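Trainee: I am attaching a structure below and will ask some questions about it afterwards.
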Amino acid sequence: MRLLLLLLLSASPACSQLFSFGVKGGVPLTDFVNAASGTNPGGFIGFATHTNRYIIGATGELHLPFGFSVEADVLYRHFNYQESQMGVDTFASASTTGNAWEFPILGKYRFLKKPKIARPYVDAGVSFDTLQGLSQTVSSTLFSGSTSTTTTSSGTPSQLVNSTTRGFVFGGGIDIKLLVIHIQPEIRYTRWGAHHFIDPSGLLHSDENQGEFLLGVTF
């Protein structure tokens, strides 16, 4: 029993040096969906989008020799966009909401062994993004004769082309050590391989270029 306790106590510092876990959050530097307004043969069509200015999630890191490590994150963000169309005797509006889950897997390299209190680093890897909880509500009003309005809801937005996509990630930041806590501010860029959303009018599409400011706190 004493031997087992000694082994566990001696292994604890090694495990804490080998693995680290924590939380990661930040703000997007680009919009999740790009929107504009214009006209088509049927009349006016317009899109508006709102990017929630927060990203939140969890992070874990496997530390390797010579300043290398492998990091895996789970990041969440919420998004929505609105559509309006106006014809001669019709008006239609739609509201779309959803959640995006991002799963980056990164190789990381820390520069400078000393001072250990602040070490710059770079990272690169791949990321997978999937959409969940999609909902689109469409309201149509006809003004011909008596006015009538119909409302429909769907879990598959008409602009959706890919519910999942993957891309390449590049970033850099500083690892600041305060006692047993590591604080890591980082700028990260992701280039996605495909759009999540594209409207046939060309006035709305999800952004393939994604910038983020992230702050990780690990133990």
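Starting from 1 in every chain, residues are counted up; chains themselves are A, B, ... following the order of the structure tokens, and ligands are numbered from 1 as listed.
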At a cut-off of 8 Å, using only C-alpha atoms, what residues contact Phe219 (chain A)? Leave out same-chain residues fewer than 3 positions from it and give the result as number ranges by chain.

Mentor: A: 16, 20-22, 180-182

Trainee: Using DSSP on the backbone coordinates, identify all residues within region 10-99 of chain A classified as helix (DSSP H, G or I); present the result as a ChimeraX atom specification.

Mentor: /A:10-18,65-67

Trainee: Given the selection you just returned, output its residues as a file containing N, CA and C atoms, formatted as an mmCIF file, in the first residue's frame.

Mentor:
data_model
loop_
_atom_site.group_PDB
_atom_site.id
_atom_site.type_symbol
_atom_site.label_atom_id
_atom_site.label_comp_id
_atom_site.auth_asym_id
_atom_site.auth_seq_id
_atom_site.Cartn_x
_atom_site.Cartn_y
_atom_site.Cartn_z
ATOM 1 N N SER A 10 4.938 10.035 -6.972
ATOM 2 C CA SER A 10 6.064 10.320 -7.862
ATOM 3 C C SER A 10 5.620 10.496 -9.296
ATOM 4 N N ALA A 11 4.505 9.857 -9.675
ATOM 5 C CA ALA A 11 4.014 9.960 -11.057
ATOM 6 C C ALA A 11 3.247 11.240 -11.290
ATOM 7 N N SER A 12 2.684 11.843 -10.240
ATOM 8 C CA SER A 12 1.850 13.037 -10.412
ATOM 9 C C SER A 12 2.594 14.195 -11.070
ATOM 10 N N PRO A 13 3.818 14.575 -10.621
ATOM 11 C CA PRO A 13 4.521 15.662 -11.290
ATOM 12 C C PRO A 13 4.830 15.345 -12.745
ATOM 13 N N ALA A 14 5.175 14.065 -13.028
ATOM 14 C CA ALA A 14 5.478 13.696 -14.409
ATOM 15 C C ALA A 14 4.252 13.835 -15.295
ATOM 16 N N CYS A 15 3.077 13.398 -14.782
ATOM 17 C CA CYS A 15 1.842 13.513 -15.570
ATOM 18 C C CYS A 15 1.470 14.964 -15.802
ATOM 19 N N SER A 16 1.662 15.806 -14.777
ATOM 20 C CA SER A 16 1.311 17.212 -14.927
ATOM 21 C C SER A 16 2.208 17.896 -15.936
ATOM 22 N N GLN A 17 3.478 17.393 -16.080
ATOM 23 C CA GLN A 17 4.373 17.961 -17.062
ATOM 24 C C GLN A 17 4.088 17.409 -18.460
ATOM 25 N N LEU A 18 3.551 16.178 -18.523
ATOM 26 C CA LEU A 18 3.286 15.553 -19.813
ATOM 27 C C LEU A 18 1.977 16.035 -20.426
ATOM 28 N N PRO A 65 9.341 16.328 -26.013
ATOM 29 C CA PRO A 65 10.668 16.924 -25.808
ATOM 30 C C PRO A 65 10.991 18.031 -26.821
ATOM 31 N N PHE A 66 12.013 18.835 -26.471
ATOM 32 C CA PHE A 66 12.589 19.848 -27.350
ATOM 33 C C PHE A 66 11.606 20.950 -27.731
ATOM 34 N N GLY A 67 10.659 21.261 -26.855
ATOM 35 C CA GLY A 67 9.740 22.365 -27.091
ATOM 36 C C GLY A 67 8.541 22.038 -27.952
#

Trainee: Which residues are close to region 36-48 of chain A, i.e. within 6 Å by only C-alpha atoms, leaving aside same-chain residues fewer than 5 positions away? Reply as a list of chain:residue names.

Mentor: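 In the requested form, the answer reads A:Tyr81, A:Gln82, A:Glu83, A:Ser84, A:Gln85, A:Met86, A:Gly87, A:Leu203.
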
Trainee: Output C-alpha atoms of each residue in that selection to a file, as a PDB file, in the first residue's frame.

Mentor:
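again-v9.pdb, written as the output of this step:
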ATOM      1  CA  TYR A  81     -28.523  35.370 -40.520  1.00  0.00           C
ATOM      2  CA  GLN A  82     -31.732  36.866 -41.913  1.00  0.00           C
ATOM      3  CA  GLU A  83     -33.144  37.035 -45.430  1.00  0.00           C
ATOM      4  CA  SER A  84     -35.856  39.290 -46.922  1.00  0.00           C
ATOM      5  CA  GLN A  85     -37.378  39.227 -50.419  1.00  0.00           C
ATOM      6  CA  MET A  86     -39.886  41.694 -51.858  1.00  0.00           C
ATOM      7  CA  GLY A  87     -41.752  41.221 -55.101  1.00  0.00           C
ATOM      8  CA  LEU A 203     -25.397  37.675 -51.914  1.00  0.00           C
TER       9      LEU A 203
END

Trainee: Residues within 12 Å of Ala194 (chain A), please, as a ChimeraX atom specification. Count only C-alpha atoms; anything in the same chain fewer than 5 positions from it doesn't count.

Mentor: /A:128-130,160-168,205-209

Trainee: Mind dumping the selected residues with N, CA and C atoms as a PDB file, in the first residue's frame?

Mentor:
ATOM      1  N   PHE A 128     -11.550  20.524 -38.087  1.00  0.00           N
ATOM      2  CA  PHE A 128     -12.808  20.017 -38.610  1.00  0.00           C
ATOM      3  C   PHE A 128     -13.943  20.838 -38.004  1.00  0.00           C
ATOM      4  N   ASP A 129     -14.907  21.220 -38.830  1.00  0.00           N
ATOM      5  CA  ASP A 129     -16.005  22.071 -38.380  1.00  0.00           C
ATOM      6  C   ASP A 129     -17.330  21.423 -38.773  1.00  0.00           C
ATOM      7  N   THR A 130     -18.238  21.319 -37.821  1.00  0.00           N
ATOM      8  CA  THR A 130     -19.543  20.730 -38.090  1.00  0.00           C
ATOM      9  C   THR A 130     -20.641  21.621 -37.520  1.00  0.00           C
ATOM     10  N   LEU A 160     -27.844  25.934 -47.313  1.00  0.00           N
ATOM     11  CA  LEU A 160     -26.857  24.988 -46.805  1.00  0.00           C
ATOM     12  C   LEU A 160     -26.324  24.108 -47.932  1.00  0.00           C
ATOM     13  N   VAL A 161     -24.991  24.024 -48.043  1.00  0.00           N
ATOM     14  CA  VAL A 161     -24.361  23.147 -49.032  1.00  0.00           C
ATOM     15  C   VAL A 161     -23.462  22.101 -48.375  1.00  0.00           C
ATOM     16  N   ASN A 162     -22.879  22.420 -47.204  1.00  0.00           N
ATOM     17  CA  ASN A 162     -22.040  21.471 -46.482  1.00  0.00           C
ATOM     18  C   ASN A 162     -22.252  21.659 -44.981  1.00  0.00           C
ATOM     19  N   SER A 163     -22.679  20.611 -44.312  1.00  0.00           N
ATOM     20  CA  SER A 163     -22.834  20.710 -42.858  1.00  0.00           C
ATOM     21  C   SER A 163     -21.508  20.493 -42.136  1.00  0.00           C
ATOM     22  N   THR A 164     -20.536  19.889 -42.817  1.00  0.00           N
ATOM     23  CA  THR A 164     -19.197  19.715 -42.250  1.00  0.00           C
ATOM     24  C   THR A 164     -18.154  20.159 -43.270  1.00  0.00           C
ATOM     25  N   THR A 165     -17.025  20.609 -42.771  1.00  0.00           N
ATOM     26  CA  THR A 165     -15.904  20.972 -43.639  1.00  0.00           C
ATOM     27  C   THR A 165     -14.623  20.838 -42.838  1.00  0.00           C
ATOM     28  N   ARG A 166     -13.500  20.891 -43.521  1.00  0.00           N
ATOM     29  CA  ARG A 166     -12.207  20.822 -42.850  1.00  0.00           C
ATOM     30  C   ARG A 166     -11.275  21.843 -43.494  1.00  0.00           C
ATOM     31  N   GLY A 167     -10.209  22.158 -42.770  1.00  0.00           N
ATOM     32  CA  GLY A 167      -9.291  23.164 -43.288  1.00  0.00           C
ATOM     33  C   GLY A 167      -7.943  23.099 -42.585  1.00  0.00           C
ATOM     34  N   PHE A 168      -7.055  24.022 -42.982  1.00  0.00           N
ATOM     35  CA  PHE A 168      -5.717  24.106 -42.422  1.00  0.00           C
ATOM     36  C   PHE A 168      -5.633  25.298 -41.476  1.00  0.00           C
ATOM     37  N   HIS A 205     -22.772  33.974 -48.407  1.00  0.00           N
ATOM     38  CA  HIS A 205     -21.931  32.778 -48.360  1.00  0.00           C
ATOM     39  C   HIS A 205     -21.142  32.789 -47.054  1.00  0.00           C
ATOM     40  N   SER A 206     -20.843  31.613 -46.558  1.00  0.00           N
ATOM     41  CA  SER A 206     -19.993  31.509 -45.370  1.00  0.00           C
ATOM     42  C   SER A 206     -18.548  31.800 -45.769  1.00  0.00           C
ATOM     43  N   ASP A 207     -17.777  32.308 -44.812  1.00  0.00           N
ATOM     44  CA  ASP A 207     -16.416  32.759 -45.087  1.00  0.00           C
ATOM     45  C   ASP A 207     -15.447  31.579 -45.000  1.00  0.00           C
ATOM     46  N   GLU A 208     -14.645  31.391 -46.050  1.00  0.00           N
ATOM     47  CA  GLU A 208     -13.628  30.340 -46.029  1.00  0.00           C
ATOM     48  C   GLU A 208     -12.369  30.779 -45.284  1.00  0.00           C
ATOM     49  N   ASN A 209     -12.195  32.082 -45.083  1.00  0.00           N
ATOM     50  CA  ASN A 209     -11.057  32.603 -44.338  1.00  0.00           C
ATOM     51  C   ASN A 209     -11.525  33.014 -42.944  1.00  0.00           C
TER      52      ASN A 209
END

Trainee: From the options A:Ser139, A:Thr190, A:Val122, A:Glu61, which residue's atoms come nearest to Glu102 (chain A), counting only C-alpha atoms?

Mentor: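 Of the candidates, the smallest distance to Glu102 (chain A) is held by A:Thr190.
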
Trainee: How many Å lie between CA of Ile55 (chain A) and CA of Gly107 (chain A), rounded to one decimal?

Mentor: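 It comes out at 21.0 Å.
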
Trainee: Residues of chain A in strand (DSSP E) according to DSSP, as a PyMOL selection string?

Mentor: chain A and resi 19-28+33-35+37-40+43-51+55-63+68-86+90-110+118-142+148-154+164-178+181-192+204-206+209-218

Trainee: Could you give me, as number ranges by chain, the residues within 7 Å of Asp73 (chain A), counting only C-alpha atoms and dropping anything in the same chain fewer than 3 positions from it?

Mentor: A: 58-60, 103-105

Trainee: Store the residues picked out above in a file with N, CA and C atoms, as a PDB file, in the first residue's frame.

Mentor:
ATOM      1  N   ALA A  58     -12.839  23.976 -24.778  1.00  0.00           N
ATOM      2  CA  ALA A  58     -11.859  23.302 -23.925  1.00  0.00           C
ATOM      3  C   ALA A  58     -10.622  22.985 -24.750  1.00  0.00           C
ATOM      4  N   THR A  59      -9.494  22.802 -24.052  1.00  0.00           N
ATOM      5  CA  THR A  59      -8.232  22.514 -24.722  1.00  0.00           C
ATOM      6  C   THR A  59      -7.438  21.498 -23.924  1.00  0.00           C
ATOM      7  N   GLY A  60      -6.659  20.691 -24.620  1.00  0.00           N
ATOM      8  CA  GLY A  60      -5.757  19.734 -23.994  1.00  0.00           C
ATOM      9  C   GLY A  60      -4.465  19.678 -24.777  1.00  0.00           C
ATOM     10  N   PHE A 103     -13.014  21.577 -34.284  1.00  0.00           N
ATOM     11  CA  PHE A 103     -12.112  20.629 -33.639  1.00  0.00           C
ATOM     12  C   PHE A 103     -10.714  20.734 -34.257  1.00  0.00           C
ATOM     13  N   PRO A 104      -9.895  21.680 -33.797  1.00  0.00           N
ATOM     14  CA  PRO A 104      -8.527  21.796 -34.312  1.00  0.00           C
ATOM     15  C   PRO A 104      -7.583  20.790 -33.637  1.00  0.00           C
ATOM     16  N   ILE A 105      -6.677  20.229 -34.429  1.00  0.00           N
ATOM     17  CA  ILE A 105      -5.592  19.377 -33.938  1.00  0.00           C
ATOM     18  C   ILE A 105      -4.294  19.988 -34.454  1.00  0.00           C
TER      19      ILE A 105
END

Trainee: What is the CA of Gln159 (chain A) to CA of Asp31 (chain A) distance in Å?

Mentor: 16.6 Å

Trainee: Counting only C-alpha atoms, what is within 8 Å of Thr137 (chain A), bar same-chain residues fewer than 3 positions away, as a ChimeraX atom specification?

Mentor: /A:94-96,151-154

Trainee: CA of Ile176 (chain A) and CA of Gly25 (chain A), how far apart in Å?

Mentor: 16.1 Å

Trainee: So which residues touch Ile183 (chain A) within 12 Å, counting only C-alpha atoms, skipping near sequence neighbours fewer than 4 positions away, as a PDB file with N, CA and C atoms, in the first residue's frame?

Mentor:
ATOM      1  N   SER A  20      -1.515  18.762 -20.136  1.00  0.00           N
ATOM      2  CA  SER A  20      -2.143  19.941 -19.539  1.00  0.00           C
ATOM      3  C   SER A  20      -3.533  20.095 -20.134  1.00  0.00           C
ATOM      4  N   PHE A  21      -4.473  20.567 -19.308  1.00  0.00           N
ATOM      5  CA  PHE A  21      -5.861  20.729 -19.721  1.00  0.00           C
ATOM      6  C   PHE A  21      -6.358  22.088 -19.242  1.00  0.00           C
ATOM      7  N   GLY A  22      -7.375  22.605 -19.906  1.00  0.00           N
ATOM      8  CA  GLY A  22      -7.925  23.879 -19.480  1.00  0.00           C
ATOM      9  C   GLY A  22      -9.046  24.347 -20.371  1.00  0.00           C
ATOM     10  N   VAL A  23      -9.281  25.633 -20.350  1.00  0.00           N
ATOM     11  CA  VAL A  23     -10.344  26.254 -21.133  1.00  0.00           C
ATOM     12  C   VAL A  23      -9.729  27.209 -22.137  1.00  0.00           C
ATOM     13  N   LYS A  24     -10.469  27.457 -23.202  1.00  0.00           N
ATOM     14  CA  LYS A  24     -10.026  28.385 -24.248  1.00  0.00           C
ATOM     15  C   LYS A  24     -11.225  29.171 -24.731  1.00  0.00           C
ATOM     16  N   GLY A  25     -11.053  30.464 -24.864  1.00  0.00           N
ATOM     17  CA  GLY A  25     -12.120  31.330 -25.355  1.00  0.00           C
ATOM     18  C   GLY A  25     -11.533  32.483 -26.130  1.00  0.00           C
ATOM     19  N   ILE A 117       9.091  32.067 -18.052  1.00  0.00           N
ATOM     20  CA  ILE A 117       7.874  32.799 -17.726  1.00  0.00           C
ATOM     21  C   ILE A 117       7.116  33.232 -18.973  1.00  0.00           C
ATOM     22  N   ALA A 118       7.794  33.429 -20.107  1.00  0.00           N
ATOM     23  CA  ALA A 118       7.120  33.863 -21.335  1.00  0.00           C
ATOM     24  C   ALA A 118       7.861  33.288 -22.534  1.00  0.00           C
ATOM     25  N   ARG A 119       7.211  32.359 -23.228  1.00  0.00           N
ATOM     26  CA  ARG A 119       7.834  31.706 -24.387  1.00  0.00           C
ATOM     27  C   ARG A 119       6.922  31.853 -25.604  1.00  0.00           C
ATOM     28  N   PRO A 120       7.388  32.513 -26.664  1.00  0.00           N
ATOM     29  CA  PRO A 120       6.586  32.589 -27.891  1.00  0.00           C
ATOM     30  C   PRO A 120       6.479  31.211 -28.540  1.00  0.00           C
ATOM     31  N   GLY A 173       1.492  32.671 -30.733  1.00  0.00           N
ATOM     32  CA  GLY A 173       1.152  33.375 -29.506  1.00  0.00           C
ATOM     33  C   GLY A 173       2.291  33.334 -28.513  1.00  0.00           C
ATOM     34  N   ILE A 174       1.970  33.559 -27.254  1.00  0.00           N
ATOM     35  CA  ILE A 174       2.940  33.573 -26.162  1.00  0.00           C
ATOM     36  C   ILE A 174       2.403  32.721 -25.029  1.00  0.00           C
ATOM     37  N   ASP A 175       3.250  31.847 -24.494  1.00  0.00           N
ATOM     38  CA  ASP A 175       2.910  31.022 -23.336  1.00  0.00           C
ATOM     39  C   ASP A 175       3.478  31.704 -22.096  1.00  0.00           C
ATOM     40  N   ILE A 176       2.584  32.235 -21.261  1.00  0.00           N
ATOM     41  CA  ILE A 176       2.977  32.950 -20.044  1.00  0.00           C
ATOM     42  C   ILE A 176       2.702  32.044 -18.850  1.00  0.00           C
ATOM     43  N   LYS A 177       3.762  31.729 -18.098  1.00  0.00           N
ATOM     44  CA  LYS A 177       3.623  30.828 -16.953  1.00  0.00           C
ATOM     45  C   LYS A 177       3.582  31.618 -15.659  1.00  0.00           C
ATOM     46  N   LEU A 178       2.500  31.403 -14.883  1.00  0.00           N
ATOM     47  CA  LEU A 178       2.337  32.023 -13.570  1.00  0.00           C
ATOM     48  C   LEU A 178       2.104  30.915 -12.563  1.00  0.00           C
ATOM     49  N   LEU A 179       3.159  30.537 -11.837  1.00  0.00           N
ATOM     50  CA  LEU A 179       3.124  29.414 -10.908  1.00  0.00           C
ATOM     51  C   LEU A 179       2.749  28.141 -11.670  1.00  0.00           C
ATOM     52  N   LEU A 214      -7.667  34.085 -29.553  1.00  0.00           N
ATOM     53  CA  LEU A 214      -8.018  33.108 -28.535  1.00  0.00           C
ATOM     54  C   LEU A 214      -7.129  33.282 -27.303  1.00  0.00           C
ATOM     55  N   LEU A 215      -7.683  32.950 -26.154  1.00  0.00           N
ATOM     56  CA  LEU A 215      -6.952  32.993 -24.897  1.00  0.00           C
ATOM     57  C   LEU A 215      -7.170  31.677 -24.168  1.00  0.00           C
ATOM     58  N   GLY A 216      -6.083  30.918 -23.996  1.00  0.00           N
ATOM     59  CA  GLY A 216      -6.164  29.647 -23.307  1.00  0.00           C
ATOM     60  C   GLY A 216      -5.608  29.743 -21.900  1.00  0.00           C
ATOM     61  N   VAL A 217      -6.247  29.051 -20.958  1.00  0.00           N
ATOM     62  CA  VAL A 217      -5.772  28.961 -19.583  1.00  0.00           C
ATOM     63  C   VAL A 217      -5.700  27.487 -19.237  1.00  0.00           C
ATOM     64  N   THR A 218      -4.475  26.984 -19.002  1.00  0.00           N
ATOM     65  CA  THR A 218      -4.286  25.559 -18.758  1.00  0.00           C
ATOM     66  C   THR A 218      -3.541  25.338 -17.449  1.00  0.00           C
ATOM     67  N   PHE A 219      -3.653  24.099 -16.942  1.00  0.00           N
ATOM     68  CA  PHE A 219      -3.016  23.718 -15.688  1.00  0.00           C
ATOM     69  C   PHE A 219      -2.157  22.469 -15.916  1.00  0.00           C
TER      70      PHE A 219
END

Trainee: Compare A:Pro28, A:Gly202, A:Gly172, A:Pro185 by their minimum atom-to-atom distance to Lys108 (chain A), counting only C-alpha atoms, and give me the closest one.

Mentor: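 When distances to Lys108 (chain A) are compared using only C-alpha atoms, the smallest one comes from A:Gly172.
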